[in-house]
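J.: Just entry01.txt, nothing more (compact mmCIF, N, CA and C atoms):
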# COMPACT_ATOMS: atom_id res chain seq x y z
N MET I 1 0.11 22.26 -3.97
CA MET I 1 -0.15 20.94 -3.42
C MET I 1 -0.25 19.93 -4.56
N ALA I 2 0.33 18.75 -4.34
CA ALA I 2 0.27 17.70 -5.36
C ALA I 2 -1.18 17.27 -5.58
N LYS I 3 -1.51 17.00 -6.81
CA LYS I 3 -2.85 16.52 -7.12
C LYS I 3 -2.95 15.02 -6.92
N LYS I 4 -1.80 14.36 -6.92
CA LYS I 4 -1.79 12.92 -6.73
C LYS I 4 -0.64 12.56 -5.79
N LEU I 5 -0.88 11.58 -4.96
CA LEU I 5 0.13 11.10 -4.02
C LEU I 5 0.36 9.61 -4.28
N VAL I 6 1.60 9.26 -4.57
CA VAL I 6 1.99 7.86 -4.75
C VAL I 6 2.82 7.47 -3.53
N ILE I 7 2.36 6.44 -2.83
CA ILE I 7 3.05 6.00 -1.62
C ILE I 7 3.49 4.56 -1.80
N LYS I 8 4.78 4.33 -1.59
CA LYS I 8 5.31 2.97 -1.61
C LYS I 8 5.65 2.60 -0.18
N VAL I 9 5.08 1.52 0.31
CA VAL I 9 5.37 1.05 1.66
C VAL I 9 6.11 -0.28 1.55
N THR I 10 7.29 -0.31 2.15
CA THR I 10 8.13 -1.51 2.12
C THR I 10 8.06 -2.27 3.43
N ALA I 11 7.53 -1.62 4.46
CA ALA I 11 7.53 -2.19 5.81
C ALA I 11 6.20 -2.86 6.11
N GLY I 12 6.30 -3.90 6.92
CA GLY I 12 5.11 -4.59 7.41
C GLY I 12 5.23 -4.75 8.91
N ALA I 13 4.94 -5.94 9.40
CA ALA I 13 5.05 -6.21 10.83
C ALA I 13 6.50 -6.10 11.30
N ASP I 14 7.45 -6.14 10.38
CA ASP I 14 8.87 -6.03 10.73
C ASP I 14 9.25 -4.62 11.18
N ALA I 15 8.49 -3.61 10.75
CA ALA I 15 8.72 -2.21 11.13
C ALA I 15 7.33 -1.56 11.29
N PRO I 16 6.62 -1.90 12.36
CA PRO I 16 5.22 -1.51 12.48
C PRO I 16 4.94 -0.02 12.46
N GLU I 17 5.81 0.79 13.05
CA GLU I 17 5.55 2.23 13.05
C GLU I 17 5.64 2.81 11.64
N ARG I 18 6.65 2.42 10.91
CA ARG I 18 6.81 2.90 9.53
C ARG I 18 5.63 2.44 8.68
N CYS I 19 5.24 1.20 8.88
CA CYS I 19 4.11 0.65 8.13
C CYS I 19 2.84 1.42 8.43
N SER I 20 2.56 1.62 9.70
CA SER I 20 1.34 2.33 10.11
C SER I 20 1.34 3.76 9.59
N GLN I 21 2.49 4.42 9.62
CA GLN I 21 2.57 5.79 9.12
C GLN I 21 2.19 5.86 7.65
N ALA I 22 2.67 4.92 6.86
CA ALA I 22 2.37 4.92 5.43
C ALA I 22 0.87 4.77 5.19
N PHE I 23 0.24 3.81 5.86
CA PHE I 23 -1.19 3.59 5.68
C PHE I 23 -2.00 4.77 6.21
N THR I 24 -1.56 5.37 7.32
CA THR I 24 -2.27 6.51 7.89
C THR I 24 -2.20 7.71 6.95
N VAL I 25 -1.02 8.00 6.42
CA VAL I 25 -0.87 9.12 5.49
C VAL I 25 -1.74 8.88 4.25
N ALA I 26 -1.74 7.67 3.73
CA ALA I 26 -2.55 7.37 2.55
C ALA I 26 -4.03 7.56 2.83
N ALA I 27 -4.50 7.05 3.97
CA ALA I 27 -5.92 7.16 4.31
C ALA I 27 -6.33 8.61 4.55
N VAL I 28 -5.48 9.39 5.21
CA VAL I 28 -5.77 10.81 5.45
C VAL I 28 -5.80 11.56 4.12
N ALA I 29 -4.88 11.25 3.22
CA ALA I 29 -4.88 11.90 1.91
C ALA I 29 -6.15 11.59 1.14
N VAL I 30 -6.58 10.33 1.15
CA VAL I 30 -7.83 9.96 0.48
C VAL I 30 -8.99 10.75 1.08
N ALA I 31 -9.05 10.80 2.42
CA ALA I 31 -10.12 11.53 3.09
C ALA I 31 -10.08 13.02 2.78
N SER I 32 -8.91 13.53 2.44
CA SER I 32 -8.74 14.95 2.10
C SER I 32 -9.03 15.25 0.63
N GLY I 33 -9.37 14.23 -0.12
CA GLY I 33 -9.70 14.42 -1.52
C GLY I 33 -8.53 14.31 -2.48
N VAL I 34 -7.38 13.87 -1.98
CA VAL I 34 -6.20 13.68 -2.83
C VAL I 34 -6.31 12.34 -3.54
N GLU I 35 -5.92 12.30 -4.79
CA GLU I 35 -5.86 11.04 -5.52
C GLU I 35 -4.65 10.26 -5.00
N VAL I 36 -4.88 9.04 -4.50
CA VAL I 36 -3.83 8.25 -3.86
C VAL I 36 -3.63 6.93 -4.57
N SER I 37 -2.37 6.61 -4.80
CA SER I 37 -1.98 5.30 -5.29
C SER I 37 -0.98 4.74 -4.29
N MET I 38 -1.36 3.68 -3.60
CA MET I 38 -0.48 3.07 -2.60
C MET I 38 0.04 1.75 -3.12
N TRP I 39 1.36 1.58 -2.98
CA TRP I 39 2.04 0.37 -3.46
C TRP I 39 2.54 -0.46 -2.29
N LEU I 40 2.18 -1.73 -2.28
CA LEU I 40 2.63 -2.67 -1.27
C LEU I 40 3.83 -3.44 -1.82
N THR I 41 4.97 -3.30 -1.13
CA THR I 41 6.18 -3.99 -1.54
C THR I 41 6.82 -4.61 -0.31
N GLY I 42 7.76 -5.50 -0.52
CA GLY I 42 8.45 -6.12 0.61
C GLY I 42 7.47 -6.75 1.57
N GLU I 43 7.69 -6.54 2.87
CA GLU I 43 6.86 -7.19 3.89
C GLU I 43 5.43 -6.67 3.93
N SER I 44 5.19 -5.49 3.38
CA SER I 44 3.80 -5.00 3.35
C SER I 44 2.96 -5.77 2.33
N SER I 45 3.60 -6.53 1.48
CA SER I 45 2.89 -7.32 0.46
C SER I 45 1.82 -8.21 1.07
N TRP I 46 2.09 -8.70 2.26
CA TRP I 46 1.16 -9.62 2.92
C TRP I 46 -0.20 -8.98 3.19
N PHE I 47 -0.26 -7.65 3.29
CA PHE I 47 -1.52 -6.97 3.57
C PHE I 47 -2.46 -6.95 2.38
N ALA I 48 -2.03 -7.47 1.25
CA ALA I 48 -2.92 -7.62 0.09
C ALA I 48 -3.81 -8.85 0.24
N LEU I 49 -3.50 -9.70 1.22
CA LEU I 49 -4.26 -10.93 1.42
C LEU I 49 -5.37 -10.73 2.44
N PRO I 50 -6.50 -11.40 2.25
CA PRO I 50 -7.61 -11.28 3.20
C PRO I 50 -7.18 -11.65 4.63
N GLY I 51 -7.59 -10.83 5.58
CA GLY I 51 -7.35 -11.12 6.99
C GLY I 51 -5.99 -10.72 7.52
N ARG I 52 -5.03 -10.45 6.68
CA ARG I 52 -3.67 -10.14 7.15
C ARG I 52 -3.59 -8.80 7.86
N ALA I 53 -4.33 -7.81 7.39
CA ALA I 53 -4.31 -6.50 8.06
C ALA I 53 -4.85 -6.61 9.49
N ALA I 54 -5.80 -7.49 9.71
CA ALA I 54 -6.39 -7.67 11.05
C ALA I 54 -5.38 -8.24 12.04
N GLU I 55 -4.35 -8.89 11.55
CA GLU I 55 -3.31 -9.47 12.42
C GLU I 55 -2.31 -8.42 12.89
N PHE I 56 -2.30 -7.26 12.25
CA PHE I 56 -1.34 -6.21 12.55
C PHE I 56 -1.78 -5.44 13.79
N GLU I 57 -0.85 -5.24 14.71
CA GLU I 57 -1.16 -4.49 15.92
C GLU I 57 -0.07 -3.46 16.20
N LEU I 58 -0.51 -2.25 16.56
CA LEU I 58 0.39 -1.19 16.97
C LEU I 58 -0.38 -0.29 17.92
N PRO I 59 0.08 -0.20 19.18
CA PRO I 59 -0.63 0.65 20.14
C PRO I 59 -0.75 2.09 19.65
N HIS I 60 -1.90 2.69 19.93
CA HIS I 60 -2.18 4.10 19.62
C HIS I 60 -2.22 4.38 18.12
N ALA I 61 -2.44 3.36 17.33
CA ALA I 61 -2.55 3.53 15.88
C ALA I 61 -3.94 3.10 15.43
N ALA I 62 -4.40 3.70 14.35
CA ALA I 62 -5.68 3.30 13.78
C ALA I 62 -5.59 1.84 13.32
N PRO I 63 -6.68 1.10 13.45
CA PRO I 63 -6.66 -0.30 12.99
C PRO I 63 -6.34 -0.38 11.49
N LEU I 64 -5.40 -1.23 11.15
CA LEU I 64 -4.97 -1.35 9.76
C LEU I 64 -6.11 -1.74 8.81
N PRO I 65 -7.02 -2.64 9.21
CA PRO I 65 -8.12 -2.95 8.28
C PRO I 65 -8.96 -1.72 7.92
N ASP I 66 -9.15 -0.82 8.89
CA ASP I 66 -9.91 0.40 8.60
C ASP I 66 -9.17 1.29 7.61
N LEU I 67 -7.85 1.38 7.78
CA LEU I 67 -7.05 2.19 6.87
C LEU I 67 -7.06 1.61 5.45
N VAL I 68 -6.93 0.29 5.37
CA VAL I 68 -6.97 -0.38 4.06
C VAL I 68 -8.31 -0.13 3.38
N ASP I 69 -9.39 -0.27 4.14
CA ASP I 69 -10.73 -0.03 3.58
C ASP I 69 -10.86 1.40 3.06
N SER I 70 -10.33 2.36 3.81
CA SER I 70 -10.39 3.77 3.38
C SER I 70 -9.63 3.99 2.09
N ILE I 71 -8.46 3.39 2.01
CA ILE I 71 -7.64 3.54 0.80
C ILE I 71 -8.33 2.91 -0.39
N LEU I 72 -8.88 1.72 -0.21
CA LEU I 72 -9.58 1.04 -1.31
C LEU I 72 -10.84 1.80 -1.74
N ALA I 73 -11.48 2.47 -0.78
CA ALA I 73 -12.73 3.19 -1.09
C ALA I 73 -12.50 4.40 -1.99
N GLY I 74 -11.31 5.03 -1.86
CA GLY I 74 -11.11 6.25 -2.63
C GLY I 74 -9.81 6.33 -3.37
N GLY I 75 -9.01 5.29 -3.32
CA GLY I 75 -7.70 5.31 -3.98
C GLY I 75 -7.42 4.00 -4.67
N THR I 76 -6.15 3.80 -4.97
CA THR I 76 -5.71 2.58 -5.63
C THR I 76 -4.71 1.88 -4.72
N LEU I 77 -4.85 0.58 -4.58
CA LEU I 77 -3.93 -0.23 -3.79
C LEU I 77 -3.33 -1.28 -4.72
N THR I 78 -2.00 -1.24 -4.84
CA THR I 78 -1.30 -2.08 -5.80
C THR I 78 -0.26 -2.94 -5.09
N LEU I 79 -0.21 -4.20 -5.44
CA LEU I 79 0.81 -5.12 -4.96
C LEU I 79 1.86 -5.26 -6.05
N CYS I 80 3.12 -5.10 -5.66
CA CYS I 80 4.24 -5.22 -6.57
C CYS I 80 4.28 -6.63 -7.20
N THR I 81 4.46 -6.68 -8.50
CA THR I 81 4.49 -7.95 -9.22
C THR I 81 5.57 -8.89 -8.70
N GLN I 82 6.80 -8.41 -8.57
CA GLN I 82 7.89 -9.27 -8.11
C GLN I 82 7.68 -9.70 -6.66
N CYS I 83 7.20 -8.77 -5.83
CA CYS I 83 6.97 -9.10 -4.42
C CYS I 83 5.89 -10.17 -4.30
N ALA I 84 4.86 -10.07 -5.13
CA ALA I 84 3.80 -11.08 -5.13
C ALA I 84 4.36 -12.43 -5.56
N ALA I 85 5.15 -12.44 -6.62
CA ALA I 85 5.71 -13.69 -7.13
C ALA I 85 6.62 -14.36 -6.10
N ARG I 86 7.42 -13.57 -5.39
CA ARG I 86 8.31 -14.15 -4.38
C ARG I 86 7.55 -14.78 -3.22
N ARG I 87 6.32 -14.34 -3.04
CA ARG I 87 5.49 -14.85 -1.94
C ARG I 87 4.40 -15.79 -2.45
N ASP I 88 4.46 -16.15 -3.71
CA ASP I 88 3.45 -17.02 -4.34
C ASP I 88 2.04 -16.48 -4.20
N ILE I 89 1.90 -15.16 -4.31
CA ILE I 89 0.60 -14.52 -4.26
C ILE I 89 0.16 -14.24 -5.69
N THR I 90 -1.06 -14.61 -6.01
CA THR I 90 -1.60 -14.37 -7.35
C THR I 90 -2.82 -13.46 -7.24
N GLU I 91 -3.33 -13.02 -8.39
CA GLU I 91 -4.51 -12.15 -8.42
C GLU I 91 -5.71 -12.79 -7.76
N LYS I 92 -5.81 -14.11 -7.81
CA LYS I 92 -6.96 -14.78 -7.18
C LYS I 92 -6.85 -14.80 -5.66
N ASP I 93 -5.67 -14.51 -5.12
CA ASP I 93 -5.45 -14.55 -3.67
C ASP I 93 -5.76 -13.23 -2.97
N VAL I 94 -5.66 -12.11 -3.67
CA VAL I 94 -5.71 -10.80 -3.02
C VAL I 94 -7.14 -10.35 -2.72
N ILE I 95 -7.24 -9.40 -1.80
CA ILE I 95 -8.55 -8.86 -1.48
C ILE I 95 -9.10 -8.09 -2.68
N GLU I 96 -10.42 -8.00 -2.74
CA GLU I 96 -11.05 -7.32 -3.86
C GLU I 96 -10.60 -5.87 -3.92
N GLY I 97 -10.24 -5.43 -5.11
CA GLY I 97 -9.82 -4.06 -5.32
C GLY I 97 -8.32 -3.88 -5.42
N VAL I 98 -7.55 -4.88 -5.01
CA VAL I 98 -6.09 -4.81 -5.10
C VAL I 98 -5.66 -5.25 -6.49
N ARG I 99 -4.80 -4.48 -7.11
CA ARG I 99 -4.26 -4.87 -8.40
C ARG I 99 -2.79 -5.28 -8.21
N ILE I 100 -2.29 -6.04 -9.14
CA ILE I 100 -0.87 -6.43 -9.15
C ILE I 100 -0.25 -5.77 -10.37
N ALA I 101 0.83 -5.01 -10.14
CA ALA I 101 1.50 -4.31 -11.23
C ALA I 101 2.98 -4.15 -10.89
N GLY I 102 3.78 -3.84 -11.91
CA GLY I 102 5.22 -3.80 -11.73
C GLY I 102 5.83 -2.42 -11.73
N ALA I 103 7.15 -2.41 -11.74
CA ALA I 103 7.94 -1.20 -11.61
C ALA I 103 7.64 -0.18 -12.70
N GLN I 104 7.37 -0.63 -13.89
CA GLN I 104 7.08 0.30 -14.98
C GLN I 104 5.87 1.17 -14.64
N VAL I 105 4.83 0.56 -14.08
CA VAL I 105 3.63 1.30 -13.72
C VAL I 105 3.93 2.24 -12.55
N PHE I 106 4.71 1.77 -11.57
CA PHE I 106 5.09 2.62 -10.44
C PHE I 106 5.84 3.86 -10.92
N VAL I 107 6.83 3.66 -11.76
CA VAL I 107 7.63 4.78 -12.28
C VAL I 107 6.75 5.75 -13.06
N GLN I 108 5.88 5.23 -13.88
CA GLN I 108 4.97 6.07 -14.66
C GLN I 108 4.11 6.92 -13.73
N GLU I 109 3.55 6.30 -12.68
CA GLU I 109 2.71 7.05 -11.75
C GLU I 109 3.53 8.08 -10.96
N ALA I 110 4.69 7.66 -10.47
CA ALA I 110 5.51 8.53 -9.63
C ALA I 110 6.04 9.75 -10.37
N LEU I 111 6.27 9.62 -11.66
CA LEU I 111 6.84 10.72 -12.44
C LEU I 111 5.82 11.58 -13.16
N ALA I 112 4.55 11.26 -12.97
CA ALA I 112 3.50 12.04 -13.62
C ALA I 112 3.48 13.47 -13.06
N GLU I 113 3.12 14.40 -13.91
CA GLU I 113 3.06 15.80 -13.49
C GLU I 113 2.03 15.96 -12.38
N GLY I 114 2.36 16.79 -11.39
CA GLY I 114 1.45 17.05 -10.28
C GLY I 114 1.42 15.95 -9.24
N THR I 115 2.42 15.09 -9.25
CA THR I 115 2.46 13.94 -8.34
C THR I 115 3.60 14.08 -7.34
N GLN I 116 3.31 13.71 -6.11
CA GLN I 116 4.31 13.63 -5.05
C GLN I 116 4.45 12.15 -4.68
N ALA I 117 5.66 11.66 -4.63
CA ALA I 117 5.90 10.27 -4.25
C ALA I 117 6.57 10.22 -2.88
N LEU I 118 6.12 9.29 -2.06
CA LEU I 118 6.68 9.04 -0.74
C LEU I 118 7.01 7.56 -0.61
N VAL I 119 8.11 7.25 0.07
CA VAL I 119 8.47 5.86 0.30
C VAL I 119 8.66 5.66 1.79
N TYR I 120 7.99 4.65 2.31
CA TYR I 120 8.10 4.29 3.73
C TYR I 120 8.74 2.92 3.84
Please express the file's structure as structure tokens.
T.:
Amino acid sequence: MAKKLVIKVTAGADAPERCSQAFTVAAVAVASGVEVSMWLTGESSWFALPGRAAEFELPHAAPLPDLVDSILAGGTLTLCTQCAARRDITEKDVIEGVRIAGAQVFVQEALAEGTQALVY
């Protein structure tokens, strides 16, 4: 079993099932004691902002704010640098605990020994 799980989510409200699956897998992994690094890219970038997760709705899915809180409590939540810039999101805009980092950091994390990477 991988000691670390890196999850990149590209979907947001535009593909709610894919988005919810990514956050659910990340939260379950954190709850299972796996080291998790979740990356917000593309339309999921908006969930780095306060209140945006609460706007997300998907029947029969766990509430996104609860999943985000779980991930932040035991893992790392990162907003892609370029995705943030395209949306005029800065470090002062994001919820507490979210970092902004780029592709170099993602590649470093994804290729580390004992790591499994998933992309949604």
J.: Mind pulling up the distance from atom N of I:Gly102 to atom N of I:Asp66?
T.: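 About the pair atom N of I:Asp66 and atom N of I:Gly102: they are 24.7 Å apart.
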J.: Name the residues within 8 Å of (2.5, 7.9, -9.4), counting only N, CA and C atoms in the file's coordinates, and put them as a ChimeraX atom specification.
T.: /I:4-7,36-37,105-113,115-117
J.: Work out how far apart atom C of I:Thr78 and atom C of I:Ala61 are and give it in Å to one decimal.
T.: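 Straight-line distance from atom C of I:Thr78 to atom C of I:Ala61 works out to 21.7 Å.
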J.: Looking only at the backbone, which of the residues in stretch 3-107 of chain I does DSSP tag as strand (DSSP E or B), as a list in words?
T.: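 Here are the strand (DSSP E or B) residues of stretch 3-107 of chain I: Lys4, Leu5, Val6, Ile7, Lys8, Val9, Glu35, Val36, Ser37, Met38, Trp39, Leu40, Thr76, Leu77, Thr78, Leu79, Cys80, Val98, Arg99, Ile100 and Ala101 of chain I.
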J.: Which residues, written as a ChimeraX atom specification, have at least one atom at most 6 Å from I:Ile95, with only C-alpha atoms counted and residues fewer than 6 positions away on the same chain left out?
T.: /I:48-50
J.: Can you work out the spacing between atom CA of I:Ala29 and atom CA of I:Gly74 in Å, to one decimal?
T.: 9.6 Å
J.: Using only N, CA and C atoms, which residues sit within 8 Å of I:Leu67 once same-chain residues fewer than 3 positions away are excluded, as a PyMOL selection string?
T.: chain I and resi 23-24+26-28+62-64+70-73
J.: How close does stretch 36-88 of chain I get to stretch 14-17 of chain I? List, as a Markdown table, each residue of stretch 36-88 of chain I within 8 Å, its nearest atom pair and the distance in Å to one decimal, counting only C-alpha atoms.
T.:
| residue | atom | partner | partner_atom | distance |
| --- | --- | --- | --- | --- |
| I:Glu43 | CA | I:Asp14 | CA | 7.2 |
| I:Glu57 | CA | I:Pro16 | CA | 7.8 |
| I:Leu58 | CA | I:Pro16 | CA | 6.6 |
J.: Using only C-alpha atoms, find the one residue out of I:Lys8, I:Arg86, I:Lys3, I:His60 that sits nearest to I:Glu35.
T.: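 Looking only at the distances to I:Glu35, the closest residue turns out to be I:Lys3.
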J.: So, with only C-alpha atoms as the atoms that count, which of I:Leu118, I:Met38, I:Ala53, I:Val30 lies closest to I:Gly12?
T.: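 Of all the options, I:Ala53 lies closest to I:Gly12.
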J.: Nearest residue to I:Cys80 out of I:Ser44, I:Trp39, I:Val119, I:Val98, using only C-alpha atoms?
T.: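 For I:Cys80, the nearest of the candidates is I:Trp39.
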J.: Check the smallest atom-to-atom distance from each of I:Thr10, I:Thr41, I:Ser32, I:Ser20 to I:Ala84 using all atoms listed in the file, then report the winner.
T.: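 Residue with the minimum atom-to-atom distance to I:Ala84: I:Thr41.
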J.: Once you add 6 Å to each side, what are the centre and edge lengths of the axis-aligned box holding all listed atoms of stretch 64-77 of chain I? One decimal in Å, as AutoDock Vina command-line options, if you can.
T.:
--center_x -8.0 --center_y 1.7 --center_z 2.8 --size_x 21.4 --size_y 21.3 --size_z 28.8
J.: Enumerate the residues of chain I with a DSSP assignment of alpha helix (DSSP H), computed from the backbone, and present them as a ChimeraX atom specification.
T.: /I:16-31,64-74,81-86,103-110
J.: Output N, CA and C atoms for every residue in that selection, as a compact mmCIF listing (two decimals), keeping the file's coordinate frame.
T.:
# COMPACT_ATOMS: atom_id res chain seq x y z
N PRO I 16 6.62 -1.90 12.36
CA PRO I 16 5.22 -1.51 12.48
C PRO I 16 4.94 -0.02 12.46
N GLU I 17 5.81 0.79 13.05
CA GLU I 17 5.55 2.23 13.05
C GLU I 17 5.64 2.81 11.64
N ARG I 18 6.65 2.42 10.91
CA ARG I 18 6.81 2.90 9.53
C ARG I 18 5.63 2.44 8.68
N CYS I 19 5.24 1.20 8.88
CA CYS I 19 4.11 0.65 8.13
C CYS I 19 2.84 1.42 8.43
N SER I 20 2.56 1.62 9.70
CA SER I 20 1.34 2.33 10.11
C SER I 20 1.34 3.76 9.59
N GLN I 21 2.49 4.42 9.62
CA GLN I 21 2.57 5.79 9.12
C GLN I 21 2.19 5.86 7.65
N ALA I 22 2.67 4.92 6.86
CA ALA I 22 2.37 4.92 5.43
C ALA I 22 0.87 4.77 5.19
N PHE I 23 0.24 3.81 5.86
CA PHE I 23 -1.19 3.59 5.68
C PHE I 23 -2.00 4.77 6.21
N THR I 24 -1.56 5.37 7.32
CA THR I 24 -2.27 6.51 7.89
C THR I 24 -2.20 7.71 6.95
N VAL I 25 -1.02 8.00 6.42
CA VAL I 25 -0.87 9.12 5.49
C VAL I 25 -1.74 8.88 4.25
N ALA I 26 -1.74 7.67 3.73
CA ALA I 26 -2.55 7.37 2.55
C ALA I 26 -4.03 7.56 2.83
N ALA I 27 -4.50 7.05 3.97
CA ALA I 27 -5.92 7.16 4.31
C ALA I 27 -6.33 8.61 4.55
N VAL I 28 -5.48 9.39 5.21
CA VAL I 28 -5.77 10.81 5.45
C VAL I 28 -5.80 11.56 4.12
N ALA I 29 -4.88 11.25 3.22
CA ALA I 29 -4.88 11.90 1.91
C ALA I 29 -6.15 11.59 1.14
N VAL I 30 -6.58 10.33 1.15
CA VAL I 30 -7.83 9.96 0.48
C VAL I 30 -8.99 10.75 1.08
N ALA I 31 -9.05 10.80 2.42
CA ALA I 31 -10.12 11.53 3.09
C ALA I 31 -10.08 13.02 2.78
N LEU I 64 -5.40 -1.23 11.15
CA LEU I 64 -4.97 -1.35 9.76
C LEU I 64 -6.11 -1.74 8.81
N PRO I 65 -7.02 -2.64 9.21
CA PRO I 65 -8.12 -2.95 8.28
C PRO I 65 -8.96 -1.72 7.92
N ASP I 66 -9.15 -0.82 8.89
CA ASP I 66 -9.91 0.40 8.60
C ASP I 66 -9.17 1.29 7.61
N LEU I 67 -7.85 1.38 7.78
CA LEU I 67 -7.05 2.19 6.87
C LEU I 67 -7.06 1.61 5.45
N VAL I 68 -6.93 0.29 5.37
CA VAL I 68 -6.97 -0.38 4.06
C VAL I 68 -8.31 -0.13 3.38
N ASP I 69 -9.39 -0.27 4.14
CA ASP I 69 -10.73 -0.03 3.58
C ASP I 69 -10.86 1.40 3.06
N SER I 70 -10.33 2.36 3.81
CA SER I 70 -10.39 3.77 3.38
C SER I 70 -9.63 3.99 2.09
N ILE I 71 -8.46 3.39 2.01
CA ILE I 71 -7.64 3.54 0.80
C ILE I 71 -8.33 2.91 -0.39
N LEU I 72 -8.88 1.72 -0.21
CA LEU I 72 -9.58 1.04 -1.31
C LEU I 72 -10.84 1.80 -1.74
N ALA I 73 -11.48 2.47 -0.78
CA ALA I 73 -12.73 3.19 -1.09
C ALA I 73 -12.50 4.40 -1.99
N GLY I 74 -11.31 5.03 -1.86
CA GLY I 74 -11.11 6.25 -2.63
C GLY I 74 -9.81 6.33 -3.37
N THR I 81 4.46 -6.68 -8.50
CA THR I 81 4.49 -7.95 -9.22
C THR I 81 5.57 -8.89 -8.70
N GLN I 82 6.80 -8.41 -8.57
CA GLN I 82 7.89 -9.27 -8.11
C GLN I 82 7.68 -9.70 -6.66
N CYS I 83 7.20 -8.77 -5.83
CA CYS I 83 6.97 -9.10 -4.42
C CYS I 83 5.89 -10.17 -4.30
N ALA I 84 4.86 -10.07 -5.13
CA ALA I 84 3.80 -11.08 -5.13
C ALA I 84 4.36 -12.43 -5.56
N ALA I 85 5.15 -12.44 -6.62
CA ALA I 85 5.71 -13.69 -7.13
C ALA I 85 6.62 -14.36 -6.10
N ARG I 86 7.42 -13.57 -5.39
CA ARG I 86 8.31 -14.15 -4.38
C ARG I 86 7.55 -14.78 -3.22
N ALA I 103 7.15 -2.41 -11.74
CA ALA I 103 7.94 -1.20 -11.61
C ALA I 103 7.64 -0.18 -12.70
N GLN I 104 7.37 -0.63 -13.89
CA GLN I 104 7.08 0.30 -14.98
C GLN I 104 5.87 1.17 -14.64
N VAL I 105 4.83 0.56 -14.08
CA VAL I 105 3.63 1.30 -13.72
C VAL I 105 3.93 2.24 -12.55
N PHE I 106 4.71 1.77 -11.57
CA PHE I 106 5.09 2.62 -10.44
C PHE I 106 5.84 3.86 -10.92
N VAL I 107 6.83 3.66 -11.76
CA VAL I 107 7.63 4.78 -12.28
C VAL I 107 6.75 5.75 -13.06
N GLN I 108 5.88 5.23 -13.88
CA GLN I 108 4.97 6.07 -14.66
C GLN I 108 4.11 6.92 -13.73
N GLU I 109 3.55 6.30 -12.68
CA GLU I 109 2.71 7.05 -11.75
C GLU I 109 3.53 8.08 -10.96
N ALA I 110 4.69 7.66 -10.47
CA ALA I 110 5.51 8.53 -9.63
C ALA I 110 6.04 9.75 -10.37
J.: Given only N, CA and C atoms as the basis, pick out the residue of I:Ala103, I:Ala22, I:Val94, I:Val68 nearest to I:Gln82.
T.: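 Using only N, CA and C atoms, I:Gln82 sits closest to I:Ala103.
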J.: Taking the block above, write stretch 51-55 of chain I with all heavy atoms as an mmCIF file, in the first residue's frame.
T.:
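Dumped everything to out28.cif:
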data_model
loop_
_atom_site.group_PDB
_atom_site.id
_atom_site.type_symbol
_atom_site.label_atom_id
_atom_site.label_comp_id
_atom_site.auth_asym_id
_atom_site.auth_seq_id
_atom_site.Cartn_x
_atom_site.Cartn_y
_atom_site.Cartn_z
ATOM 1 N N GLY I 51 -16.204 29.684 1.531
ATOM 2 C CA GLY I 51 -17.613 29.608 1.167
ATOM 3 C C GLY I 51 -17.923 28.897 -0.138
ATOM 4 O O GLY I 51 -19.072 28.524 -0.382
ATOM 5 N N ARG I 52 -16.955 28.690 -0.990
ATOM 6 C CA ARG I 52 -17.223 28.078 -2.302
ATOM 7 C C ARG I 52 -17.623 26.613 -2.193
ATOM 8 O O ARG I 52 -18.464 26.139 -2.943
ATOM 9 C CB ARG I 52 -16.037 28.232 -3.238
ATOM 10 C CG ARG I 52 -15.824 29.651 -3.745
ATOM 11 C CD ARG I 52 -17.013 30.075 -4.613
ATOM 12 N NE ARG I 52 -16.810 31.376 -5.190
ATOM 13 C CZ ARG I 52 -16.373 31.600 -6.431
ATOM 14 N NH1 ARG I 52 -16.083 30.599 -7.224
ATOM 15 N NH2 ARG I 52 -16.216 32.832 -6.858
ATOM 16 N N ALA I 53 -17.025 25.875 -1.272
ATOM 17 C CA ALA I 53 -17.396 24.462 -1.115
ATOM 18 C C ALA I 53 -18.854 24.334 -0.687
ATOM 19 O O ALA I 53 -19.538 23.385 -1.076
ATOM 20 C CB ALA I 53 -16.470 23.774 -0.116
ATOM 21 N N ALA I 54 -19.349 25.271 0.087
ATOM 22 C CA ALA I 54 -20.743 25.231 0.559
ATOM 23 C C ALA I 54 -21.737 25.407 -0.584
ATOM 24 O O ALA I 54 -22.895 25.003 -0.472
ATOM 25 C CB ALA I 54 -20.959 26.304 1.625
ATOM 26 N N GLU I 55 -21.301 25.989 -1.680
ATOM 27 C CA GLU I 55 -22.175 26.193 -2.840
ATOM 28 C C GLU I 55 -22.312 24.926 -3.686
ATOM 29 O O GLU I 55 -23.204 24.838 -4.524
ATOM 30 C CB GLU I 55 -21.623 27.324 -3.714
ATOM 31 C CG GLU I 55 -21.598 28.667 -3.026
ATOM 32 C CD GLU I 55 -20.867 29.727 -3.845
ATOM 33 O OE1 GLU I 55 -20.451 29.438 -4.993
ATOM 34 O OE2 GLU I 55 -20.679 30.837 -3.312
#
